[in-house]
file upload19.cif (mmCIF, C-alpha atoms; chains and numbers go by the auth columns)
data_structure
loop_
_atom_site.group_PDB
_atom_site.id
_atom_site.type_symbol
_atom_site.label_atom_id
_atom_site.label_comp_id
_atom_site.label_asym_id
_atom_site.label_seq_id
_atom_site.Cartn_x
_atom_site.Cartn_y
_atom_site.Cartn_z
_atom_site.B_iso_or_equiv
_atom_site.auth_seq_id
_atom_site.auth_asym_id
ATOM 1 C CA MET A 1 -75.007 -102.467 -133.259 0.00 1 Y
ATOM 2 C CA SER A 2 -74.846 -102.923 -136.984 0.00 2 Y
ATOM 3 C CA LEU A 3 -75.891 -105.018 -139.924 0.00 3 Y
ATOM 4 C CA LEU A 4 -73.683 -106.254 -142.720 0.00 4 Y
ATOM 5 C CA VAL A 5 -75.470 -107.347 -145.899 0.00 5 Y
ATOM 6 C CA GLU A 6 -73.243 -109.412 -148.187 0.00 6 Y
ATOM 7 C CA MET A 7 -74.590 -110.115 -151.662 0.00 7 Y
ATOM 8 C CA GLN A 8 -73.137 -112.536 -154.206 0.00 8 Y
ATOM 9 C CA ASN A 9 -74.480 -113.251 -157.662 0.00 9 Y
ATOM 10 C CA LYS A 10 -73.802 -116.693 -159.106 0.00 10 Y
ATOM 11 C CA LYS A 11 -75.346 -117.333 -162.502 0.00 11 Y
ATOM 12 C CA GLU A 12 -79.096 -117.072 -161.949 0.00 12 Y
ATOM 13 C CA CYS A 13 -78.950 -117.170 -158.134 0.00 13 Y
ATOM 14 C CA THR A 14 -78.377 -114.271 -155.770 0.00 14 Y
ATOM 15 C CA PHE A 15 -77.126 -115.137 -152.296 0.00 15 Y
ATOM 16 C CA ILE A 16 -77.597 -112.619 -149.469 0.00 16 Y
ATOM 17 C CA GLN A 17 -76.033 -113.198 -146.072 0.00 17 Y
ATOM 18 C CA LEU A 18 -77.133 -111.100 -143.109 0.00 18 Y
ATOM 19 C CA LYS A 19 -74.630 -110.515 -140.307 0.00 19 Y
ATOM 20 C CA GLY A 20 -75.466 -108.698 -137.096 0.00 20 Y
ATOM 21 C CA ILE A 21 -78.790 -107.158 -136.151 0.00 21 Y
ATOM 22 C CA LEU A 22 -81.792 -106.473 -138.394 0.00 22 Y
ATOM 23 C CA ASP A 23 -83.954 -103.977 -136.528 0.00 23 Y
ATOM 24 C CA ILE A 24 -85.312 -100.462 -136.790 0.00 24 Y
ATOM 25 C CA THR A 25 -81.804 -98.989 -136.401 0.00 25 Y
ATOM 26 C CA THR A 26 -80.309 -101.049 -139.259 0.00 26 Y
ATOM 27 C CA ILE A 27 -83.255 -101.551 -141.616 0.00 27 Y
ATOM 28 C CA GLU A 28 -82.010 -98.914 -144.073 0.00 28 Y
ATOM 29 C CA ASP A 29 -78.862 -100.975 -144.730 0.00 29 Y
ATOM 30 C CA PHE A 30 -81.035 -103.945 -145.695 0.00 30 Y
ATOM 31 C CA VAL A 31 -83.559 -101.962 -147.746 0.00 31 Y
ATOM 32 C CA THR A 32 -80.761 -100.182 -149.651 0.00 32 Y
ATOM 33 C CA GLN A 33 -79.313 -103.533 -150.741 0.00 33 Y
ATOM 34 C CA ILE A 34 -82.698 -104.958 -151.711 0.00 34 Y
ATOM 35 C CA GLU A 35 -83.505 -101.907 -153.833 0.00 35 Y
ATOM 36 C CA VAL A 36 -80.467 -102.588 -156.032 0.00 36 Y
ATOM 37 C CA LEU A 37 -81.090 -106.300 -156.544 0.00 37 Y
ATOM 38 C CA PRO A 38 -80.033 -107.353 -160.012 0.00 38 Y
ATOM 39 C CA GLU A 39 -82.452 -109.305 -162.155 0.00 39 Y
ATOM 40 C CA VAL A 40 -83.009 -112.344 -159.998 0.00 40 Y
ATOM 41 C CA HIS A 41 -84.259 -115.835 -160.847 0.00 41 Y
ATOM 42 C CA SER A 42 -83.569 -117.308 -157.444 0.00 42 Y
ATOM 43 C CA LEU A 43 -82.715 -115.663 -154.117 0.00 43 Y
ATOM 44 C CA ILE A 44 -81.230 -117.325 -151.054 0.00 44 Y
ATOM 45 C CA LEU A 45 -81.380 -115.321 -147.839 0.00 45 Y
ATOM 46 C CA ASP A 46 -78.973 -116.660 -145.211 0.00 46 Y
ATOM 47 C CA PHE A 47 -79.635 -115.902 -141.546 0.00 47 Y
ATOM 48 C CA SER A 48 -76.823 -118.024 -140.074 0.00 48 Y
ATOM 49 C CA ASN A 49 -74.947 -114.936 -138.812 0.00 49 Y
ATOM 50 C CA LEU A 50 -77.984 -112.880 -137.853 0.00 50 Y
ATOM 51 C CA GLU A 51 -77.961 -112.209 -134.119 0.00 51 Y
ATOM 52 C CA PHE A 52 -81.341 -110.500 -133.728 0.00 52 Y
ATOM 53 C CA ILE A 53 -84.396 -109.477 -135.744 0.00 53 Y
ATOM 54 C CA ASP A 54 -87.304 -107.280 -134.630 0.00 54 Y
ATOM 55 C CA SER A 55 -90.715 -106.586 -136.159 0.00 55 Y
ATOM 56 C CA THR A 56 -89.232 -104.019 -138.541 0.00 56 Y
ATOM 57 C CA GLY A 57 -86.831 -106.635 -139.892 0.00 57 Y
ATOM 58 C CA ILE A 58 -89.590 -109.221 -140.146 0.00 58 Y
ATOM 59 C CA GLY A 59 -91.688 -106.717 -142.116 0.00 59 Y
ATOM 60 C CA ALA A 60 -88.781 -106.161 -144.510 0.00 60 Y
ATOM 61 C CA ILE A 61 -88.400 -109.919 -145.022 0.00 61 Y
ATOM 62 C CA MET A 62 -92.131 -110.151 -145.763 0.00 62 Y
ATOM 63 C CA GLU A 63 -91.821 -107.319 -148.288 0.00 63 Y
ATOM 64 C CA LEU A 64 -88.987 -109.223 -149.956 0.00 64 Y
ATOM 65 C CA ILE A 65 -91.182 -112.328 -150.153 0.00 65 Y
ATOM 66 C CA TYR A 66 -93.947 -110.325 -151.846 0.00 66 Y
ATOM 67 C CA LEU A 67 -91.352 -108.754 -154.173 0.00 67 Y
ATOM 68 C CA ALA A 68 -90.314 -112.276 -155.187 0.00 68 Y
ATOM 69 C CA LYS A 69 -93.934 -113.100 -155.993 0.00 69 Y
ATOM 70 C CA GLU A 70 -94.423 -109.903 -158.020 0.00 70 Y
ATOM 71 C CA ASN A 71 -91.194 -110.393 -159.978 0.00 71 Y
ATOM 72 C CA ASN A 72 -91.465 -114.170 -160.448 0.00 72 Y
ATOM 73 C CA PHE A 73 -88.334 -115.292 -158.646 0.00 73 Y
ATOM 74 C CA SER A 74 -88.005 -117.960 -155.992 0.00 74 Y
ATOM 75 C CA ILE A 75 -86.854 -117.176 -152.489 0.00 75 Y
ATOM 76 C CA GLU A 76 -85.333 -119.514 -149.942 0.00 76 Y
ATOM 77 C CA LEU A 77 -84.626 -118.718 -146.302 0.00 77 Y
ATOM 78 C CA GLN A 78 -81.791 -120.675 -144.714 0.00 78 Y
ATOM 79 C CA GLY A 79 -79.507 -120.740 -141.695 0.00 79 Y
ATOM 80 C CA MET A 80 -82.094 -119.644 -139.139 0.00 80 Y
ATOM 81 C CA ASP A 81 -81.482 -120.527 -135.511 0.00 81 Y
ATOM 82 C CA GLU A 82 -84.380 -121.878 -133.459 0.00 82 Y
ATOM 83 C CA GLY A 83 -85.239 -118.431 -132.083 0.00 83 Y
ATOM 84 C CA ILE A 84 -85.639 -116.855 -135.508 0.00 84 Y
ATOM 85 C CA LYS A 85 -87.527 -119.914 -136.820 0.00 85 Y
ATOM 86 C CA GLN A 86 -89.934 -119.658 -133.921 0.00 86 Y
ATOM 87 C CA ILE A 87 -90.523 -115.935 -134.522 0.00 87 Y
ATOM 88 C CA PHE A 88 -91.193 -116.577 -138.224 0.00 88 Y
ATOM 89 C CA GLU A 89 -93.616 -119.379 -137.312 0.00 89 Y
ATOM 90 C CA VAL A 90 -95.513 -117.195 -134.826 0.00 90 Y
ATOM 91 C CA VAL A 91 -95.964 -114.307 -137.283 0.00 91 Y
ATOM 92 C CA GLY A 92 -96.995 -116.695 -140.069 0.00 92 Y
ATOM 93 C CA LEU A 93 -94.117 -115.964 -142.421 0.00 93 Y
ATOM 94 C CA PHE A 94 -93.701 -119.600 -143.483 0.00 94 Y
ATOM 95 C CA MET A 95 -97.445 -119.918 -144.082 0.00 95 Y
ATOM 96 C CA ILE A 96 -97.393 -116.811 -146.291 0.00 96 Y
ATOM 97 C CA MET A 97 -94.522 -118.306 -148.284 0.00 97 Y
ATOM 98 C CA LYS A 98 -96.445 -121.569 -148.777 0.00 98 Y
ATOM 99 C CA VAL A 99 -99.583 -119.783 -149.923 0.00 99 Y
ATOM 100 C CA LEU A 100 -97.681 -117.595 -152.373 0.00 100 Y
ATOM 101 C CA LYS A 101 -95.810 -120.615 -153.729 0.00 101 Y
ATOM 102 C CA ARG A 102 -99.112 -122.410 -154.344 0.00 102 Y
ATOM 103 C CA GLU A 103 -100.308 -119.328 -156.217 0.00 103 Y
ATOM 104 C CA GLY A 104 -97.416 -119.760 -158.632 0.00 104 Y
ATOM 105 C CA ALA A 105 -94.553 -117.730 -157.161 0.00 105 Y
#
call {"tool": "encode", "arguments": {"input": "upload19.cif", "output": "structure tokens"}}
result
Amino acid sequence: MSLLVEMQNKKECTFIQLKGILDITTIEDFVTQIEVLPEVHSLILDFSNLEFIDSTGIGAIMELIYLAKENNFSIELQGMDEGIKQIFEVVGLFMIMKVLKREGA
């Protein structure tokens, strides 16, 4: 299985679409792309073509959320199916995003 990370920069917004599987076997592909993010004002992470995510992938998404806080850019998650939404709810990812947003991220 594999992961394709497609990144597009449009003015002040960076759009990242994930296709395939984000797990321990593909995490390096994701991390490599995130490490070369241009200067970002707004980031949209699209999960509409993500087939599966495990705890390693969830951890990487959380790291990206904290990176957004540290570097003062907004992050939006979109295109999640019900399964991924439910996983993010259970691990508290949405709650973390709300708290960080209230703190000024």
call {"tool": "closest_residue", "arguments": {"input": "upload19.cif", "among": "Y:Val5, Y:Val40, Y:Leu22, Y:Cys13", "to": "Leu67 in chain Y", "atoms": "only C-alpha atoms"}}
result
Y:Val40
call {"tool": "residues_around", "arguments": {"input": "upload19.cif", "residues": "Leu100 in chain Y", "least_positions_apart": "2", "cutoff": "12 Å", "atoms": "all atoms listed in the file", "output": "list in words"}}
result
Met62, Ile65, Tyr66, Leu67, Ala68, Lys69, Glu70, Asn72, Phe73, Ser74, Ile75, Leu93, Phe94, Met95, Ile96, Met97, Lys98, Arg102, Glu103, Gly104 and Ala105 of chain Y
call {"tool": "residues_near_point", "arguments": {"input": "upload19.cif", "point": "(-79.8, -108.4, -139.4)", "cutoff": "12 Å", "atoms": "only C-alpha atoms", "output": "VMD selection string"}}
result
chain Y and resid 1 to 6 16 to 31 45 to 58 60 to 61 80 84
call {"tool": "atom_distance", "arguments": {"input": "upload19.cif", "atom1": "CA of Gly79 in chain Y", "atom2": "CA of Thr32 in chain Y"}}
result
22.1 Å
call {"tool": "axis_aligned_box", "arguments": {"input": "upload19.cif", "around": "range 39-53 of chain Y", "padding_each_side": "3 Å", "output": "lines of an AutoDock Vina configuration file"}}
result
center_x = -79.7
center_y = -113.7
center_z = -147.9
size_x = 15.4
size_y = 14.7
size_z = 34.4
call {"tool": "resolve_selection", "arguments": {"input": "upload19.cif", "expression": "the PyMOL selection byres ((chain Y and resi 15) around 6)", "output": "list in words"}}
result
Met7, Gln8, Thr14, Ile16, Leu43 and Ile44 of chain Y
call {"tool": "closest_residue", "arguments": {"input": "upload19.cif", "among": "Y:Lys85, Y:Asn71, Y:Gln78, Y:Gly92", "to": "His41 in chain Y", "atoms": "all atoms listed in the file"}}
result
Y:Asn71
